[in-house]
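The structure under discussion appears below in the form of structure tokens.
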Amino acid sequence: MRYNAPKGTTDILPDTARKWQYLESKAANMFKNYGYEPIITPIFEHTEVFTRSIGISTDIVQKEMYTFKDKAGRSLTLRPEGTAPVIRAYVNNNMQQLPQPVKLYYMGPMFRYERPQAGRYRQFWQIGVEAIGSDDPALDAESILLMINYFKSLGLKGLTLYINSMGCDKDRPKYMELLREYAEANRKRLCKDCQKRIDLNPLRLFDCKDESCQLVMKDAPKLLNYLEVDCRKHFNMVKRYLEMQKIEYIVKPELVRGLDYYTKTTFEVISPFLGAQNAIGGGGRYDKLVEEFGGSPTPGIGFAIGTERLAIAVEKEGAFDSIEDRMDVFIAVADQSAKPNAIDILYALREAGISADIDYMGRSLKAQLKYANRRGFKYTVFIGPEELEKKRVAVRNMETGEQIEINIDELIKVMRDIVMERF
RNA sequence: GUGAUCGUAGCUCAAUUGGUCAGAGCGUCGGACUGUGGCUCCGAAGGCUGAGGGUUCAAGUCCCUUCGAUCACCCCA
């Protein structure tokens, strides 16, 4: 019996895996450059970690979580996003004792039970960062800049940055009342889903693509206009920091993200290459989240990038072309009698930091060359009875076909010189 | 969860209005060159046509179910 990978999952084959590694290592370097450190949290958490933080009324919690009971009857959930686990870990490990802010990044798979589509899978990868412990608007700007500059470093163009402010607990409740009243007054003109949203989560009304709903919401009160003075100042500072770094942005009052924990700044970056699932990265501030997990009041901000969406965009820009990943040396064995000696040399090369491989299929010499060519080795070294007797080996440059002969004891040294010098 | 389109060798695709043993290119392996790749030529392996059922003398082709893929809604990264 043959099995497919489960719906919405896929095998990341070497060609793609290599590209992802490239994206991840570039990210790790840049995050370090901005003062962020790696953290690895469990793939699953107690279900409550997500229901309480993301919000019970959100789609993620309502219908997209992989929730199961373990053998002891605990309700566990495969993480649908990365922020809640990191905040849980922050509180759990008393990280408020560390110098603040605590700046962390993570990379790994997330899980949501959704209908698969271009750029949307049930197991998908995210690259994310969180900065916990400061409410400085300069940190909001840093978070946004970090994401934008990372994209730039990958050669991405044509991205659009949207920002918004969701207010805080001083202005949001008042505004929500206003919004509810407005929506209620226009209930009849709203679609069925939106009528439900009036009570559940009226902010989401802004997201609806239904024409009639959009028409209604166009004239709805906008949170941005009701921001209390601190929040407005904060948002203005964020914008100013972005402008200082010459970052273009569009303020989008309708930008309401689907996780309830956001406060103040939210942002999202859109790529033109991604079809319907065009958000390549997004995030925001979550000043109430640490408290939600039982910590002392602590602000925070972060974002997540969709790795496969990022890979699609980078691919479209042709920016993967520069990845060089060829192996250094293939050892061609001219006669099986020379194999033990050849293997000896193989390991010596590897130990010297030169990537090397050998035939394990009993191929003819000719077939070995063919194989070396297909696998893209830079050099082939010939080992056979003749070479062993004369103590000289031939080294063939597989690109140019040039072949030189050197003393066998010099092989390691010469290969190391060649390989290091050229790359 | 809803809708549309689509499932034929590892990959990309053929197969007349349902009608002989389901084909090709690429890839893999081997050979032409008995110790030297890339080009060319030759050969081999590889398919219960996604799965299950039905209609028919006859199904890759028509119908139903199911699974999966793709795209959109929805949602978000």
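Order determines the names: the first chain of the structure tokens is A, the second B, and so forth; residues in each chain are numbered 1 upward, and ligands are numbered 1 upward as they are shown.
Using only C-alpha atoms (C1' of nucleotides), the protein and nucleic acid residues lying no more than 9 Å from A:Ser53, apart from those fewer than 3 places from it along its own chain, are A:Glu48, A:Val49, A:Phe50, A:Ile56, A:Ala84, A:Leu259, A:Asp260, A:Tyr261, A:Leu289, A:Glu292, A:Phe293.
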Written selection (all heavy atoms) as a compact mmCIF listing (two decimals), in the first residue's frame:
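Written output follows (selection.txt):
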```txt
# COMPACT_ATOMS: atom_id res chain seq x y z
N GLU A 48 -5.50 25.54 26.14
CA GLU A 48 -5.83 26.87 26.67
C GLU A 48 -4.84 27.96 26.29
O GLU A 48 -5.20 29.14 26.21
CB GLU A 48 -5.91 26.80 28.20
CG GLU A 48 -7.31 26.58 28.70
CD GLU A 48 -7.39 26.86 30.20
OE1 GLU A 48 -7.18 28.03 30.58
OE2 GLU A 48 -7.63 25.91 30.95
N VAL A 49 -3.59 27.56 26.08
CA VAL A 49 -2.58 28.56 25.70
C VAL A 49 -3.06 29.33 24.47
O VAL A 49 -2.86 30.53 24.36
CB VAL A 49 -1.22 27.87 25.42
CG1 VAL A 49 -0.26 28.83 24.73
CG2 VAL A 49 -0.62 27.35 26.72
N PHE A 50 -3.74 28.61 23.59
CA PHE A 50 -4.20 29.26 22.36
C PHE A 50 -5.60 29.85 22.49
O PHE A 50 -5.86 30.95 22.01
CB PHE A 50 -4.14 28.28 21.20
CG PHE A 50 -2.77 27.74 20.97
CD1 PHE A 50 -2.48 26.39 21.17
CD2 PHE A 50 -1.73 28.58 20.60
CE1 PHE A 50 -1.20 25.90 20.99
CE2 PHE A 50 -0.44 28.10 20.42
CZ PHE A 50 -0.18 26.75 20.62
N ILE A 56 -11.36 33.28 21.81
CA ILE A 56 -12.29 32.17 21.64
C ILE A 56 -13.18 32.36 20.41
O ILE A 56 -13.64 31.40 19.81
CB ILE A 56 -13.15 32.02 22.93
CG1 ILE A 56 -13.78 30.64 23.01
CG2 ILE A 56 -14.19 33.11 23.06
CD1 ILE A 56 -12.81 29.59 23.52
N ALA A 84 1.90 32.96 21.01
CA ALA A 84 1.39 32.49 22.30
C ALA A 84 2.37 31.55 23.01
O ALA A 84 2.64 31.73 24.20
CB ALA A 84 0.03 31.82 22.12
N LEU A 259 -6.27 37.83 15.19
CA LEU A 259 -5.96 37.32 16.52
C LEU A 259 -6.33 38.41 17.51
O LEU A 259 -6.00 39.57 17.33
CB LEU A 259 -4.47 36.97 16.63
CG LEU A 259 -4.01 35.89 15.66
CD1 LEU A 259 -3.44 36.48 14.39
CD2 LEU A 259 -3.01 34.95 16.31
N ASP A 260 -7.04 38.03 18.55
CA ASP A 260 -7.61 39.02 19.46
C ASP A 260 -6.59 39.75 20.32
O ASP A 260 -6.90 40.76 20.91
CB ASP A 260 -8.62 38.34 20.39
CG ASP A 260 -9.93 38.06 19.67
OD1 ASP A 260 -10.06 38.49 18.51
OD2 ASP A 260 -10.80 37.40 20.28
N TYR A 261 -5.37 39.22 20.42
CA TYR A 261 -4.45 39.79 21.40
C TYR A 261 -3.78 41.09 20.97
O TYR A 261 -3.08 41.72 21.75
CB TYR A 261 -3.41 38.77 21.85
CG TYR A 261 -2.60 38.06 20.78
CD1 TYR A 261 -1.77 38.77 19.92
CD2 TYR A 261 -2.63 36.67 20.67
CE1 TYR A 261 -1.00 38.11 18.98
CE2 TYR A 261 -1.87 36.00 19.73
CZ TYR A 261 -1.05 36.73 18.89
OH TYR A 261 -0.30 36.07 17.96
N LEU A 289 -0.89 40.53 26.62
CA LEU A 289 -0.75 39.08 26.49
C LEU A 289 0.00 38.44 27.66
O LEU A 289 -0.38 37.36 28.13
CB LEU A 289 -0.06 38.76 25.16
CG LEU A 289 -0.16 37.34 24.64
CD1 LEU A 289 -1.60 36.83 24.68
CD2 LEU A 289 0.38 37.26 23.21
N GLU A 292 -2.22 37.95 30.46
CA GLU A 292 -3.16 36.87 30.16
C GLU A 292 -2.57 35.52 30.57
O GLU A 292 -3.29 34.60 30.94
CB GLU A 292 -3.44 36.88 28.65
CG GLU A 292 -4.66 36.13 28.21
CD GLU A 292 -5.93 36.76 28.74
OE1 GLU A 292 -6.12 37.98 28.56
OE2 GLU A 292 -6.73 36.02 29.33
N PHE A 293 -1.25 35.42 30.51
CA PHE A 293 -0.59 34.18 30.88
C PHE A 293 -0.11 34.20 32.33
O PHE A 293 0.73 33.39 32.72
CB PHE A 293 0.60 33.92 29.95
CG PHE A 293 0.19 33.35 28.62
CD1 PHE A 293 0.32 34.11 27.46
CD2 PHE A 293 -0.34 32.08 28.52
CE1 PHE A 293 -0.07 33.59 26.23
CE2 PHE A 293 -0.73 31.56 27.30
CZ PHE A 293 -0.59 32.33 26.15
```
Next on the checklist: I'd like to know which residues of stretch 230-330 of chain A are strand (DSSP E) (by DSSP, run on the backbone); could you write them as a ChimeraX atom specification?
Outcome noted: /A:250-251,263-270,279-285,300-306,329-330
Checklist entry - Which residues of chain B are close to chain A, meaning at most 10 Å apart when you count only C-alpha atoms (C1' of nucleotides), and how do they look as a PyMOL selection string? => result chain B and resi 1+29-30+33+35-38+67-77
Can I get the selection written as an mmCIF file, in the first residue's frame, with C-alpha atoms (C1' of nucleotides)?
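Full text of out19.cif as output:
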```cif
data_model
loop_
_atom_site.group_PDB
_atom_site.id
_atom_site.type_symbol
_atom_site.label_atom_id
_atom_site.label_comp_id
_atom_site.auth_asym_id
_atom_site.auth_seq_id
_atom_site.Cartn_x
_atom_site.Cartn_y
_atom_site.Cartn_z
ATOM 1 C "C1'" G B 1 -17.194 24.582 5.715
ATOM 2 C "C1'" C B 29 20.127 2.398 -15.146
ATOM 3 C "C1'" G B 30 23.233 0.124 -18.898
ATOM 4 C "C1'" C B 33 34.304 4.173 -25.822
ATOM 5 C "C1'" G B 35 40.715 3.661 -17.013
ATOM 6 C "C1'" U B 36 37.507 9.471 -18.076
ATOM 7 C "C1'" G B 37 31.307 13.055 -17.638
ATOM 8 C "C1'" G B 38 28.523 16.922 -20.406
ATOM 9 C "C1'" C B 67 -9.586 10.184 -1.671
ATOM 10 C "C1'" G B 68 -6.228 13.733 -3.429
ATOM 11 C "C1'" A B 69 -4.528 18.108 -6.225
ATOM 12 C "C1'" U B 70 -5.248 23.048 -8.122
ATOM 13 C "C1'" C B 71 -7.833 27.771 -7.892
ATOM 14 C "C1'" A B 72 -11.404 30.944 -5.575
ATOM 15 C "C1'" C B 73 -14.695 32.034 -1.227
ATOM 16 C "C1'" C B 74 -13.429 32.036 3.786
ATOM 17 C "C1'" C B 75 -9.137 32.812 6.766
ATOM 18 C "C1'" C B 76 -4.280 34.300 7.472
ATOM 19 C "C1'" A B 77 1.668 33.637 7.376
#
```
Next on the checklist: Applying 9 Å and only C-alpha atoms (C1' of nucleotides), which residues near A:Glu142 remain after dropping the ones on its own chain fewer than 4 positions away? List them as an MDAnalysis selection string.
Outcome noted: chainID A and resid 34 137:138 146:147 241:242
Store the residues picked out above in a file with N, CA, C and O atoms, as a PDB file, in the first residue's frame.
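After the write, part15.pdb holds the following:
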```pdb
ATOM      1  N   TYR A  34      20.069  42.403  14.786  1.00  0.00           N
ATOM      2  CA  TYR A  34      19.141  43.316  15.464  1.00  0.00           C
ATOM      3  C   TYR A  34      19.000  42.976  16.948  1.00  0.00           C
ATOM      4  O   TYR A  34      18.129  43.498  17.623  1.00  0.00           O
ATOM      5  N   PRO A 137       7.685  53.031  21.180  1.00  0.00           N
ATOM      6  CA  PRO A 137       7.293  52.963  19.768  1.00  0.00           C
ATOM      7  C   PRO A 137       8.483  52.715  18.840  1.00  0.00           C
ATOM      8  O   PRO A 137       8.314  52.231  17.729  1.00  0.00           O
ATOM      9  N   ALA A 138       9.683  53.038  19.320  1.00  0.00           N
ATOM     10  CA  ALA A 138      10.868  52.761  18.508  1.00  0.00           C
ATOM     11  C   ALA A 138      11.026  51.256  18.297  1.00  0.00           C
ATOM     12  O   ALA A 138      11.587  50.810  17.303  1.00  0.00           O
ATOM     13  N   LEU A 146      12.776  45.514  10.758  1.00  0.00           N
ATOM     14  CA  LEU A 146      13.478  44.239  10.676  1.00  0.00           C
ATOM     15  C   LEU A 146      12.854  43.369   9.590  1.00  0.00           C
ATOM     16  O   LEU A 146      13.550  42.776   8.762  1.00  0.00           O
ATOM     17  N   MET A 147      11.535  43.319   9.594  1.00  0.00           N
ATOM     18  CA  MET A 147      10.855  42.501   8.592  1.00  0.00           C
ATOM     19  C   MET A 147      11.121  43.043   7.184  1.00  0.00           C
ATOM     20  O   MET A 147      11.493  42.305   6.282  1.00  0.00           O
ATOM     21  N   TYR A 241       9.296  57.159  13.054  1.00  0.00           N
ATOM     22  CA  TYR A 241      10.495  56.320  12.957  1.00  0.00           C
ATOM     23  C   TYR A 241      10.586  55.642  11.595  1.00  0.00           C
ATOM     24  O   TYR A 241      11.671  55.485  11.036  1.00  0.00           O
ATOM     25  N   LEU A 242       9.450  55.239  11.079  1.00  0.00           N
ATOM     26  CA  LEU A 242       9.460  54.602   9.764  1.00  0.00           C
ATOM     27  C   LEU A 242       9.898  55.605   8.704  1.00  0.00           C
ATOM     28  O   LEU A 242      10.702  55.294   7.819  1.00  0.00           O
TER      29      LEU A 242
END
```
Which polymer residues have any atom within 12 Å of an atom of B:G19, counting only C-alpha atoms (C1' of nucleotides), with same-chain residues fewer than 6 positions away left out, as an mmCIF file with C-alpha atoms (C1' of nucleotides), in the first residue's frame?
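Result file is around_29.cif:
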```
data_model
loop_
_atom_site.group_PDB
_atom_site.id
_atom_site.type_symbol
_atom_site.label_atom_id
_atom_site.label_comp_id
_atom_site.auth_asym_id
_atom_site.auth_seq_id
_atom_site.Cartn_x
_atom_site.Cartn_y
_atom_site.Cartn_z
ATOM 1 C "C1'" U B 56 -21.819 -1.624 -21.834
ATOM 2 C "C1'" C B 57 -20.265 -7.052 -26.051
ATOM 3 C "C1'" A B 58 -16.254 -3.410 -24.869
ATOM 4 C "C1'" A B 59 -14.345 2.015 -20.163
ATOM 5 C "C1'" U B 61 -12.636 7.729 -22.067
#
```
Checklist outcome for this item: B:G47 proximity check over B:A14, B:U34, B:G23, B:U5, using only C-alpha atoms (C1' of nucleotides): winner is B:G23
Next on the checklist: Env of stretch 91-94 of chain A: 9 Å cut, atoms = only C-alpha atoms (C1' of nucleotides), seq-sep filter 6 positions within chain, self excluded. Answer as a list of chain:residue names.
Outcome noted: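 Non-adjacent residues within range: A:Val290, A:Glu291, A:Phe293, A:Gly294, A:Gly295, A:Ser296.
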Checklist entry - Which residues, written as a VMD selection string, have at least one atom at most 12 Å from stretch 50-53 of chain B, with only C-alpha atoms (C1' of nucleotides) counted and residues fewer than 6 positions away on the same chain left out? => result (chain A and resid 1 to 4) or (chain B and resid 6 to 8 63 to 69)
Checklist entry - Leaving out stretch 13-28 of chain A and any residue of its chain fewer than 3 positions from it, which residues lie within 8 Å of it when counting only C-alpha atoms (C1' of nucleotides), given as number ranges by chain? => result A: 31-32, 107, 127, 150, 307, 311, 320, 323
For those residues, write N, CA, C and O atoms to a file as a PDB file, in the first residue's frame.
```pdb
ATOM      1  N   PHE A  31      18.470  38.638  12.274  1.00  0.00           N
ATOM      2  CA  PHE A  31      17.858  38.781  13.593  1.00  0.00           C
ATOM      3  C   PHE A  31      18.947  39.013  14.644  1.00  0.00           C
ATOM      4  O   PHE A  31      18.805  39.819  15.550  1.00  0.00           O
ATOM      5  N   LYS A  32      20.020  38.289  14.519  1.00  0.00           N
ATOM      6  CA  LYS A  32      21.125  38.475  15.454  1.00  0.00           C
ATOM      7  C   LYS A  32      21.661  39.903  15.336  1.00  0.00           C
ATOM      8  O   LYS A  32      21.963  40.554  16.324  1.00  0.00           O
ATOM      9  N   MET A 107      11.703  29.637  14.389  1.00  0.00           N
ATOM     10  CA  MET A 107      11.365  29.171  13.043  1.00  0.00           C
ATOM     11  C   MET A 107      10.821  27.761  13.182  1.00  0.00           C
ATOM     12  O   MET A 107      11.378  26.961  13.924  1.00  0.00           O
ATOM     13  N   ILE A 127       8.608  32.047  10.235  1.00  0.00           N
ATOM     14  CA  ILE A 127       9.797  32.638  10.816  1.00  0.00           C
ATOM     15  C   ILE A 127       9.289  33.852  11.582  1.00  0.00           C
ATOM     16  O   ILE A 127       8.651  34.707  10.983  1.00  0.00           O
ATOM     17  N   TYR A 150      14.712  42.563   6.092  1.00  0.00           N
ATOM     18  CA  TYR A 150      14.957  41.155   5.767  1.00  0.00           C
ATOM     19  C   TYR A 150      14.466  40.869   4.346  1.00  0.00           C
ATOM     20  O   TYR A 150      15.184  40.276   3.539  1.00  0.00           O
ATOM     21  N   THR A 307       6.976  31.090   5.668  1.00  0.00           N
ATOM     22  CA  THR A 307       8.172  30.657   4.943  1.00  0.00           C
ATOM     23  C   THR A 307       7.865  30.229   3.513  1.00  0.00           C
ATOM     24  O   THR A 307       8.580  30.610   2.585  1.00  0.00           O
ATOM     25  N   ALA A 311       9.216  31.949   0.148  1.00  0.00           N
ATOM     26  CA  ALA A 311       9.974  31.204  -0.859  1.00  0.00           C
ATOM     27  C   ALA A 311       9.372  31.414  -2.247  1.00  0.00           C
ATOM     28  O   ALA A 311      10.100  31.578  -3.225  1.00  0.00           O
ATOM     29  N   PHE A 320      16.858  33.265  -5.876  1.00  0.00           N
ATOM     30  CA  PHE A 320      17.506  32.042  -5.382  1.00  0.00           C
ATOM     31  C   PHE A 320      18.666  31.633  -6.280  1.00  0.00           C
ATOM     32  O   PHE A 320      19.398  30.715  -5.975  1.00  0.00           O
ATOM     33  N   ILE A 323      22.265  30.800  -5.042  1.00  0.00           N
ATOM     34  CA  ILE A 323      22.615  29.745  -4.100  1.00  0.00           C
ATOM     35  C   ILE A 323      23.546  28.738  -4.772  1.00  0.00           C
ATOM     36  O   ILE A 323      23.213  28.120  -5.769  1.00  0.00           O
TER      37      ILE A 323
END
```
Checklist entry - Mind pulling up the distance from atom CA of A:Glu315 to atom CA of A:Gly302? => result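 The value is 25.6 Å.
Nearest residue to A:Asp409, choosing from A:Cys168, A:Ala348, A:Cys231, A:Leu200 and counting only C-alpha atoms: A:Ala348.
Using only C-alpha atoms, the smallest distance between any of A:Met327, A:Ile87, A:Val256, A:Ile132 and A:Phe377 comes from A:Met327.
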